[in-house]
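What follows is the content of start-v8.txt (compact mmCIF, C-alpha atoms and all ligand atoms).
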```txt
# COMPACT_ATOMS: atom_id res chain seq x y z
CA MET F 1 -3.38 1.25 -16.88
CA ASN F 2 -0.52 -1.00 -17.87
CA GLN F 3 -1.70 -4.52 -18.54
CA ALA F 4 -0.01 -7.85 -18.06
CA ASP F 5 -0.91 -11.19 -19.67
CA TYR F 6 -2.31 -13.28 -16.80
CA ILE F 7 -4.17 -12.85 -13.53
CA TRP F 8 -4.35 -15.45 -10.78
CA MET F 9 -8.02 -16.04 -10.03
CA ASN F 10 -9.28 -18.59 -7.52
CA GLY F 11 -6.37 -20.96 -8.08
CA GLU F 12 -5.93 -20.60 -11.83
CA LEU F 13 -4.09 -18.30 -14.17
CA VAL F 14 -6.55 -16.72 -16.57
CA ARG F 15 -5.92 -14.26 -19.34
CA TRP F 16 -5.95 -10.62 -18.20
CA GLU F 17 -9.06 -9.79 -20.24
CA ASP F 18 -10.94 -12.85 -18.96
CA ALA F 19 -10.56 -12.07 -15.24
CA LYS F 20 -14.18 -10.98 -14.80
CA VAL F 21 -16.91 -11.13 -12.16
CA HIS F 22 -20.71 -11.11 -12.19
CA VAL F 23 -22.42 -7.72 -11.78
CA LEU F 24 -24.19 -9.06 -8.68
CA THR F 25 -20.90 -9.72 -6.93
CA HIS F 26 -21.46 -8.78 -3.27
CA ALA F 27 -18.31 -6.64 -3.02
CA LEU F 28 -19.35 -4.52 -6.00
CA HIS F 29 -22.47 -3.43 -4.12
CA TYR F 30 -21.22 -3.13 -0.57
CA GLY F 31 -17.43 -2.80 -0.77
CA SER F 32 -17.07 -6.11 1.06
CA ALA F 33 -13.49 -6.84 0.05
CA VAL F 34 -10.03 -6.66 1.58
CA PHE F 35 -6.90 -6.11 -0.41
CA GLU F 36 -3.21 -5.33 -0.40
CA GLY F 37 -0.82 -3.21 -2.37
CA VAL F 38 2.57 -4.86 -2.67
CA ARG F 39 5.59 -4.30 -4.88
CA ALA F 40 8.19 -6.59 -6.40
CA TYR F 41 11.50 -5.01 -7.35
CA ASP F 42 14.29 -5.94 -9.69
CA THR F 43 17.01 -6.56 -7.11
CA LYS F 44 20.58 -7.82 -7.07
CA ARG F 45 19.16 -11.23 -6.13
CA GLY F 46 16.55 -11.21 -8.89
CA THR F 47 12.91 -10.20 -8.75
CA ALA F 48 11.90 -9.93 -5.10
CA VAL F 49 8.62 -9.14 -3.36
CA PHE F 50 9.16 -6.49 -0.71
CA ARG F 51 8.04 -7.49 2.80
CA HIS F 52 5.73 -10.12 1.38
CA ARG F 53 4.99 -11.85 4.67
CA GLU F 54 3.94 -8.59 6.33
CA HIS F 55 1.56 -7.78 3.49
CA LEU F 56 0.02 -11.26 3.58
CA ASP F 57 -0.35 -11.04 7.34
CA ARG F 58 -2.14 -7.71 6.99
CA LEU F 59 -4.42 -9.17 4.31
CA HIS F 60 -5.29 -11.98 6.70
CA ARG F 61 -5.89 -9.53 9.54
CA SER F 62 -8.09 -7.27 7.38
CA ALA F 63 -10.15 -10.31 6.33
CA GLU F 64 -10.53 -11.52 9.89
CA LEU F 65 -11.69 -8.09 11.07
CA TYR F 66 -14.53 -8.29 8.55
CA TYR F 67 -15.40 -11.92 9.44
CA MET F 68 -14.01 -13.16 6.15
CA GLU F 69 -12.26 -16.49 5.95
CA LEU F 70 -9.59 -16.64 3.26
CA PRO F 71 -10.01 -19.88 1.30
CA TYR F 72 -6.23 -20.22 0.85
CA THR F 73 -3.35 -20.35 3.28
CA LEU F 74 -0.97 -17.42 3.26
CA GLU F 75 1.76 -19.73 1.97
CA LYS F 76 -0.47 -20.68 -0.96
CA LEU F 77 -1.09 -16.99 -1.70
CA ARG F 78 2.62 -16.35 -1.51
CA GLU F 79 3.29 -19.11 -4.05
CA ALA F 80 0.45 -17.86 -6.25
CA THR F 81 2.00 -14.41 -6.27
CA HIS F 82 5.33 -15.83 -7.38
CA GLU F 83 3.50 -17.84 -9.99
CA VAL F 84 1.67 -14.89 -11.52
CA ILE F 85 4.85 -12.77 -11.59
CA ARG F 86 6.63 -15.62 -13.37
CA ALA F 87 3.79 -16.19 -15.84
CA ASN F 88 3.87 -12.51 -16.76
CA LYS F 89 7.67 -12.47 -16.98
CA LEU F 90 7.84 -9.25 -14.95
CA ARG F 91 11.11 -8.21 -13.35
CA SER F 92 9.37 -5.59 -11.22
CA CYS F 93 5.69 -4.87 -10.70
CA TYR F 94 2.91 -3.70 -8.45
CA ILE F 95 0.94 -6.57 -6.90
CA ARG F 96 -2.73 -6.36 -6.00
CA PRO F 97 -4.17 -9.30 -4.08
CA ILE F 98 -7.87 -8.91 -3.28
CA ALA F 99 -10.28 -11.17 -1.43
CA PHE F 100 -13.90 -10.30 -2.01
CA ARG F 101 -17.39 -11.51 -1.25
CA GLY F 102 -18.49 -12.95 -4.55
CA TYR F 103 -21.70 -13.88 -6.33
CA GLY F 104 -24.51 -15.71 -4.58
CA GLU F 105 -26.00 -13.53 -1.85
CA MET F 106 -27.45 -10.04 -1.73
CA GLY F 107 -28.22 -7.97 1.33
CA LEU F 108 -25.98 -6.78 4.07
CA PHE F 109 -25.43 -10.08 5.83
CA PRO F 110 -22.43 -11.24 3.83
CA LEU F 111 -21.40 -14.49 5.44
CA GLY F 112 -23.24 -16.71 2.95
CA ALA F 113 -21.46 -15.26 -0.07
CA PRO F 114 -18.43 -17.13 -1.41
CA VAL F 115 -15.01 -15.53 -0.96
CA ASP F 116 -13.10 -15.10 -4.21
CA VAL F 117 -9.39 -14.33 -4.33
CA VAL F 118 -7.56 -12.63 -7.16
CA ILE F 119 -3.92 -11.62 -7.52
CA ALA F 120 -3.11 -9.18 -10.30
CA VAL F 121 0.33 -7.83 -11.18
CA TRP F 122 1.30 -5.10 -13.60
CA PRO F 123 4.08 -2.58 -14.20
CA TRP F 124 3.34 0.61 -12.24
CA GLY F 125 5.77 3.47 -11.75
CA ALA F 126 5.90 5.96 -8.88
CA TYR F 127 2.27 6.63 -7.81
CA LEU F 128 2.88 10.32 -7.11
CA GLY F 129 5.35 10.73 -9.96
CA GLU F 130 9.13 10.53 -10.20
CA GLU F 131 9.36 14.30 -10.19
CA GLY F 132 7.43 14.27 -6.91
CA GLN F 133 9.82 11.74 -5.42
CA ARG F 134 12.78 13.93 -6.35
CA HIS F 135 11.50 17.43 -5.65
CA GLY F 136 8.48 16.95 -3.44
CA ILE F 137 4.74 17.27 -3.94
CA ARG F 138 2.06 19.83 -3.09
CA CYS F 139 -0.54 18.71 -0.56
CA LYS F 140 -3.79 20.00 0.83
CA VAL F 141 -5.39 19.19 4.16
CA ALA F 142 -8.72 17.63 3.23
CA SER F 143 -12.01 19.00 4.51
CA TRP F 144 -13.02 15.35 4.90
CA ARG F 145 -11.93 13.68 8.11
CA ARG F 146 -10.34 10.26 8.03
CA MET F 147 -12.92 7.61 9.04
CA SER F 148 -13.48 7.55 12.77
CA THR F 149 -12.55 4.54 14.84
CA ASP F 150 -16.13 4.20 16.07
CA SER F 151 -17.52 3.84 12.55
CA PHE F 152 -14.87 1.75 10.82
CA ILE F 153 -11.65 -0.13 11.44
CA PRO F 154 -8.93 2.11 9.96
CA GLU F 155 -6.25 -0.56 10.43
CA ALA F 156 -8.11 -2.88 8.04
CA LYS F 157 -7.30 -2.44 4.38
CA ALA F 158 -10.90 -2.90 3.28
CA SER F 159 -12.31 -1.75 -0.05
CA GLY F 160 -15.45 0.04 1.17
CA GLN F 161 -13.39 2.13 3.54
CA TYR F 162 -11.56 3.68 0.61
CA LEU F 163 -14.59 5.78 -0.35
CA ASN F 164 -13.43 8.01 2.48
CA SER F 165 -9.96 8.31 0.94
CA ILE F 166 -11.46 8.90 -2.51
CA LEU F 167 -13.43 11.93 -1.26
CA ALA F 168 -10.20 13.47 0.05
CA LYS F 169 -8.18 12.55 -3.02
CA VAL F 170 -10.72 13.97 -5.48
CA GLU F 171 -11.08 17.16 -3.46
CA SER F 172 -7.32 17.76 -3.45
CA ALA F 173 -6.91 16.91 -7.13
CA LYS F 174 -9.76 19.21 -8.17
CA ALA F 175 -8.12 22.00 -6.18
CA GLY F 176 -4.88 21.39 -8.10
CA TYR F 177 -2.84 19.54 -5.46
CA ASP F 178 -0.98 16.25 -5.74
CA GLU F 179 -2.26 14.61 -2.58
CA ALA F 180 -4.59 15.06 0.40
CA ILE F 181 -3.57 14.92 4.06
CA MET F 182 -6.41 13.85 6.31
CA LEU F 183 -7.08 14.74 9.93
CA ASP F 184 -8.70 12.27 12.28
CA GLN F 185 -12.07 12.73 13.98
CA HIS F 186 -10.44 14.86 16.71
CA GLY F 187 -8.59 17.13 14.29
CA ASN F 188 -5.18 15.53 14.74
CA VAL F 189 -3.08 14.67 11.71
CA SER F 190 -3.84 11.17 10.48
CA GLU F 191 -2.33 10.30 7.09
CA GLY F 192 -2.41 10.85 3.33
CA SER F 193 -5.25 9.41 1.24
CA GLY F 194 -3.07 6.35 0.60
CA GLU F 195 0.16 7.01 2.53
CA ASN F 196 1.42 7.47 6.07
CA ILE F 197 2.96 10.78 7.07
CA PHE F 198 6.16 11.72 8.92
CA MET F 199 7.21 15.15 10.16
CA VAL F 200 10.75 16.34 10.92
CA ARG F 201 11.34 19.19 13.40
CA ASP F 202 14.62 20.13 15.02
CA GLY F 203 16.32 16.94 13.89
CA ARG F 204 13.62 14.69 15.33
CA ILE F 205 11.12 12.61 13.44
CA TYR F 206 7.47 12.45 14.46
CA ALA F 207 4.61 10.28 13.26
CA PRO F 208 0.94 10.08 14.26
CA PRO F 209 0.20 7.23 16.70
CA ALA F 210 -1.67 4.04 15.79
CA HIS F 211 -4.90 5.40 17.28
CA ALA F 212 -4.98 8.44 14.93
CA SER F 213 -7.10 6.36 12.48
CA ILE F 214 -4.09 5.33 10.44
CA LEU F 215 -3.35 2.20 8.47
CA ASP F 216 -0.30 0.49 9.95
CA GLY F 217 1.85 1.01 6.88
CA ILE F 218 4.54 -1.47 5.98
CA THR F 219 6.62 1.21 4.26
CA ALA F 220 6.31 3.32 7.43
CA ARG F 221 7.53 0.36 9.47
CA SER F 222 10.52 0.05 7.16
CA ILE F 223 11.23 3.78 7.46
CA ARG F 224 11.08 3.56 11.26
CA GLN F 225 13.63 0.74 11.15
CA ILE F 226 15.88 2.65 8.76
CA ALA F 227 15.58 5.82 10.86
CA ASP F 228 16.60 3.83 13.90
CA ASP F 229 19.58 2.36 12.03
CA LEU F 230 20.64 5.86 10.97
CA GLY F 231 20.48 7.02 14.56
CA PHE F 232 17.28 9.08 14.38
CA GLN F 233 14.62 8.91 16.98
CA VAL F 234 11.02 8.47 15.75
CA THR F 235 8.43 9.67 18.24
CA GLU F 236 4.81 8.66 17.85
CA ARG F 237 2.51 11.36 19.11
CA HIS F 238 -0.43 13.46 18.00
CA ILE F 239 0.50 16.12 15.47
CA THR F 240 -1.58 19.24 14.83
CA ARG F 241 -2.30 20.79 11.47
CA GLY F 242 -0.42 23.95 12.47
CA GLU F 243 2.66 21.93 13.36
CA LEU F 244 2.75 20.52 9.86
CA TYR F 245 2.98 24.06 8.44
CA GLN F 246 6.02 24.70 10.64
CA ALA F 247 7.77 21.41 9.89
CA ASP F 248 11.37 21.43 8.74
CA GLU F 249 10.57 18.45 6.56
CA LEU F 250 7.48 16.38 5.75
CA PHE F 251 7.22 13.19 3.80
CA LEU F 252 4.72 10.47 2.91
CA THR F 253 5.31 6.73 2.73
CA GLY F 254 3.38 3.95 1.02
CA THR F 255 3.90 0.95 -1.20
CA ALA F 256 2.57 2.69 -4.30
CA ALA F 257 4.09 6.11 -3.52
CA GLU F 258 7.28 4.77 -1.81
CA VAL F 259 8.92 7.76 0.00
CA VAL F 260 7.72 11.16 -1.20
CA PRO F 261 8.76 14.53 0.21
CA VAL F 262 6.11 17.23 0.65
CA ARG F 263 7.32 20.63 -0.55
CA GLU F 264 4.17 22.61 0.02
CA LEU F 265 1.12 22.21 2.26
CA ASP F 266 -1.97 24.42 2.03
CA ASP F 267 0.24 26.95 0.21
CA HIS F 268 2.80 27.07 3.03
CA LYS F 269 6.22 26.49 1.45
CA LEU F 270 8.32 23.76 3.03
CA GLY F 271 10.88 23.83 0.26
CA GLU F 272 13.03 21.24 -1.44
CA PRO F 273 13.35 17.85 0.28
CA GLY F 274 15.42 18.10 3.46
CA GLU F 275 18.47 16.20 4.60
CA ILE F 276 16.72 13.65 6.80
CA THR F 277 14.07 12.88 4.20
CA ARG F 278 16.85 12.42 1.62
CA ALA F 279 18.83 10.12 3.88
CA LEU F 280 15.82 7.92 4.67
CA GLN F 281 14.67 7.91 1.07
CA SER F 282 18.01 6.86 -0.35
CA ARG F 283 18.50 4.12 2.25
CA PHE F 284 14.97 2.89 1.50
CA PHE F 285 15.71 2.75 -2.23
CA GLU F 286 18.88 0.81 -1.52
CA ALA F 287 16.93 -1.61 0.66
CA ILE F 288 14.26 -2.34 -1.95
CA LYS F 289 16.92 -2.96 -4.57
CA GLY F 290 18.72 -5.44 -2.36
CA GLU F 291 21.80 -3.26 -2.10
CA ARG F 292 22.09 -3.49 1.66
CA GLU F 293 22.85 -6.68 3.50
CA GLU F 294 20.96 -5.69 6.65
CA TYR F 295 17.60 -5.46 4.86
CA LEU F 296 17.85 -8.56 2.68
CA GLU F 297 15.38 -10.33 4.96
CA TRP F 298 12.73 -7.92 3.64
CA LEU F 299 13.03 -9.46 0.18
CA ASP F 300 11.12 -12.54 -0.92
CA VAL F 301 13.00 -13.61 -4.03
CA VAL F 302 10.90 -15.04 -6.87
CA GLU F 303 12.35 -18.12 -8.56
CA MET F 304 11.96 -17.26 -12.24
CA ASP F 305 12.32 -20.84 -13.51
CA ALA F 306 8.95 -22.42 -12.88
CA PRO F 307 9.07 -25.33 -10.44
CA ALA F 308 7.26 -28.56 -11.39
CA GLY F 309 3.89 -27.87 -9.74
CA ASP F 310 3.54 -24.46 -11.27
CA ALA F 311 1.18 -22.46 -13.37
CA ARG F 312 -1.99 -24.13 -14.28
CA ILE F 313 -2.48 -21.76 -17.15
CA THR F 314 -5.77 -23.15 -18.33
CA GLN F 315 -6.11 -24.41 -21.86
CA ALA F 316 -8.65 -21.63 -22.47
CA ALA F 317 -6.16 -19.08 -21.19
CA ARG F 318 -3.43 -20.27 -23.53
CA SER F 319 -5.56 -20.14 -26.65
N1 LIG U 1 -2.53 4.53 4.54
C1 LIG U 1 -3.43 4.16 3.63
C2 LIG U 1 -4.84 4.62 3.76
C3 LIG U 1 -3.06 3.34 2.57
O1 LIG U 1 -3.95 2.96 1.64
C4 LIG U 1 -1.72 2.92 2.45
C5 LIG U 1 -1.29 2.05 1.31
N2 LIG U 1 -1.50 0.70 1.59
C6 LIG U 1 -0.80 3.33 3.43
C7 LIG U 1 -1.25 4.14 4.46
C8 LIG U 1 0.63 2.90 3.39
O2 LIG U 1 0.73 1.54 3.69
P1 LIG U 1 1.89 0.64 3.08
O3 LIG U 1 3.15 1.32 3.37
O4 LIG U 1 1.74 -0.66 3.79
O5 LIG U 1 1.61 0.53 1.63
```
Go through the file and emit its structure as structure tokens.
Amino acid sequence: MNQADYIWMNGELVRWEDAKVHVLTHALHYGSAVFEGVRAYDTKRGTAVFRHREHLDRLHRSAELYYMELPYTLEKLREATHEVIRANKLRSCYIRPIAFRGYGEMGLFPLGAPVDVVIAVWPWGAYLGEEGQRHGIRCKVASWRRMSTDSFIPEAKASGQYLNSILAKVESAKAGYDEAIMLDQHGNVSEGSGENIFMVRDGRIYAPPAHASILDGITARSIRQIADDLGFQVTERHITRGELYQADELFLTGTAAEVVPVRELDDHKLGEPGEITRALQSRFFEAIKGEREEYLEWLDVVEMDAPAGDARITQAARS
């Protein structure tokens, strides 16, 4: 992976290679962590974190759902994110905040373990490749079902839950595909291993409903807004696997992947990215770059000149 210089760890900036945990960290054993995937873009207004507030709110919600109290306010985490971007002098980056049950307790009752918070940033290009963004990717419906709502909380972005996504992702990669599409426990279309899915048929856009075991994606929310602004109707309803094969257009959305057309699914050809996917994709790219007035409120601009109270880069970290 691409490295940066510093990581924000429990209130301090430490050197990238020193951001370590004990092997008996609770989250390492039981997946007891919640996290976010966020991006900052090089925009017309400077480096800006895309929909920062929404990501922090979801982090807070994920933590609450697993009875975890974040030891910092969301405003403090927002400032810390700005701080670590500044310290690393990055104009654009991927941002990974994670809150995890730390060292001090073993066993499944986690509430006695301390909660540690880390924010890492690093340069990370298109998750499913630039070629994929331009010409579409090949997907496979996974044999693994997306976690059921009576076993887990799909709307929480919790680390342990991602073992489910990893099974699907590995299966699709080993079979030679770019990404996995998962069905929910009832066999309805749910989402990609790390992206939401949209289907276009007869000029209308469809997306699986919130109760199809999906994560409420922030990119998907942005796409729904953009679709609305472009005059398209987005209908949330159950989608069957067979419908996907007959789609005029399919695309995936996610912070890491951004907006990615699907050109083939289970060896059914969908073809080059369609008109609606293209229109949404290009408006989305304009929005993240700060090129459209109406979406500027989605950008949290990072002040690159450090304010007075900034960056306690520890003495050890400097040396
Ligand atoms: N579903 C899953 C399972 C994900 O991991 C992600 C990435 N966070 C998404 C959907 C897309 O969410 P977002 O657009 O907020 O990144």
Inset, instruction - Grab me every residue within 6 Å of ligand LIG 1 (chain U), counting only C-alpha atoms and all ligand atoms, and send it over as a ChimeraX atom specification. - result: /F:37,193-196,215,217-220,253-255
Near Arg201 of chain F, counting only C-alpha atoms, which residues have an atom at most 8 Å away, once you skip same-chain residues fewer than 2 positions from it, shown as a JSON list (two decimals) with C-alpha atoms, in the frame of the given file?
```json
[["chain", "number", "residue", "atom", "x", "y", "z"],
["F", 199, "MET", "CA", 7.21, 15.15, 10.16],
["F", 203, "GLY", "CA", 16.32, 16.94, 13.89],
["F", 204, "ARG", "CA", 13.62, 14.69, 15.33],
["F", 205, "ILE", "CA", 11.12, 12.61, 13.44],
["F", 206, "TYR", "CA", 7.47, 12.45, 14.46],
["F", 247, "ALA", "CA", 7.77, 21.41, 9.89],
["F", 248, "ASP", "CA", 11.37, 21.43, 8.74],
["F", 249, "GLU", "CA", 10.57, 18.45, 6.56]]
```
Could you give me, as a compact mmCIF listing (two decimals) with C-alpha atoms, in the coordinates of the input, the residues within 6 Å of segment 160-171 of chain F, counting all atoms listed in the file and dropping anything in the same chain fewer than 3 positions from it?
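What ended up in around.txt:
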```
# COMPACT_ATOMS: atom_id res chain seq x y z
CA GLY F 31 -17.43 -2.80 -0.77
CA ALA F 142 -8.72 17.63 3.23
CA TRP F 144 -13.02 15.35 4.90
CA LYS F 174 -9.76 19.21 -8.17
CA ALA F 180 -4.59 15.06 0.40
CA SER F 193 -5.25 9.41 1.24
```
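Residues in contact with segment 91-101 of chain F at 6 Å, where all atoms listed in the file are counted and same-chain residues fewer than 2 positions away are skipped, are listed as His26, Ala27, Ser32, Ala33, Val34, Phe35, Glu36, Gly37, Val38, Arg39, Ala40, Tyr41, Asp42, Thr47, Ala113, Pro114, Val115, Asp116, Val117, Val118, Ile119, Ala120, Val121, Trp122, Pro123 and Trp124 of chain F.
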Legend entry - For His29 of chain F, the nearest of the candidates F:Ala207, F:Leu250, F:Met106, F:Val189, counting only C-alpha atoms: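 Nearest candidate to His29 of chain F out of F:Ala207, F:Leu250, F:Met106, F:Val189: F:Met106.
Closest to Ala63 of chain F among F:Ala158, F:Leu90, F:Leu183, F:Leu128 is F:Ala158, based on only C-alpha atoms.
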Legend entry - Residue neighbourhood Val21 of chain F, 9 Å, only C-alpha atoms, exclusion window fewer than 2 positions, as a ChimeraX atom specification: /F:19,23-25,102-103
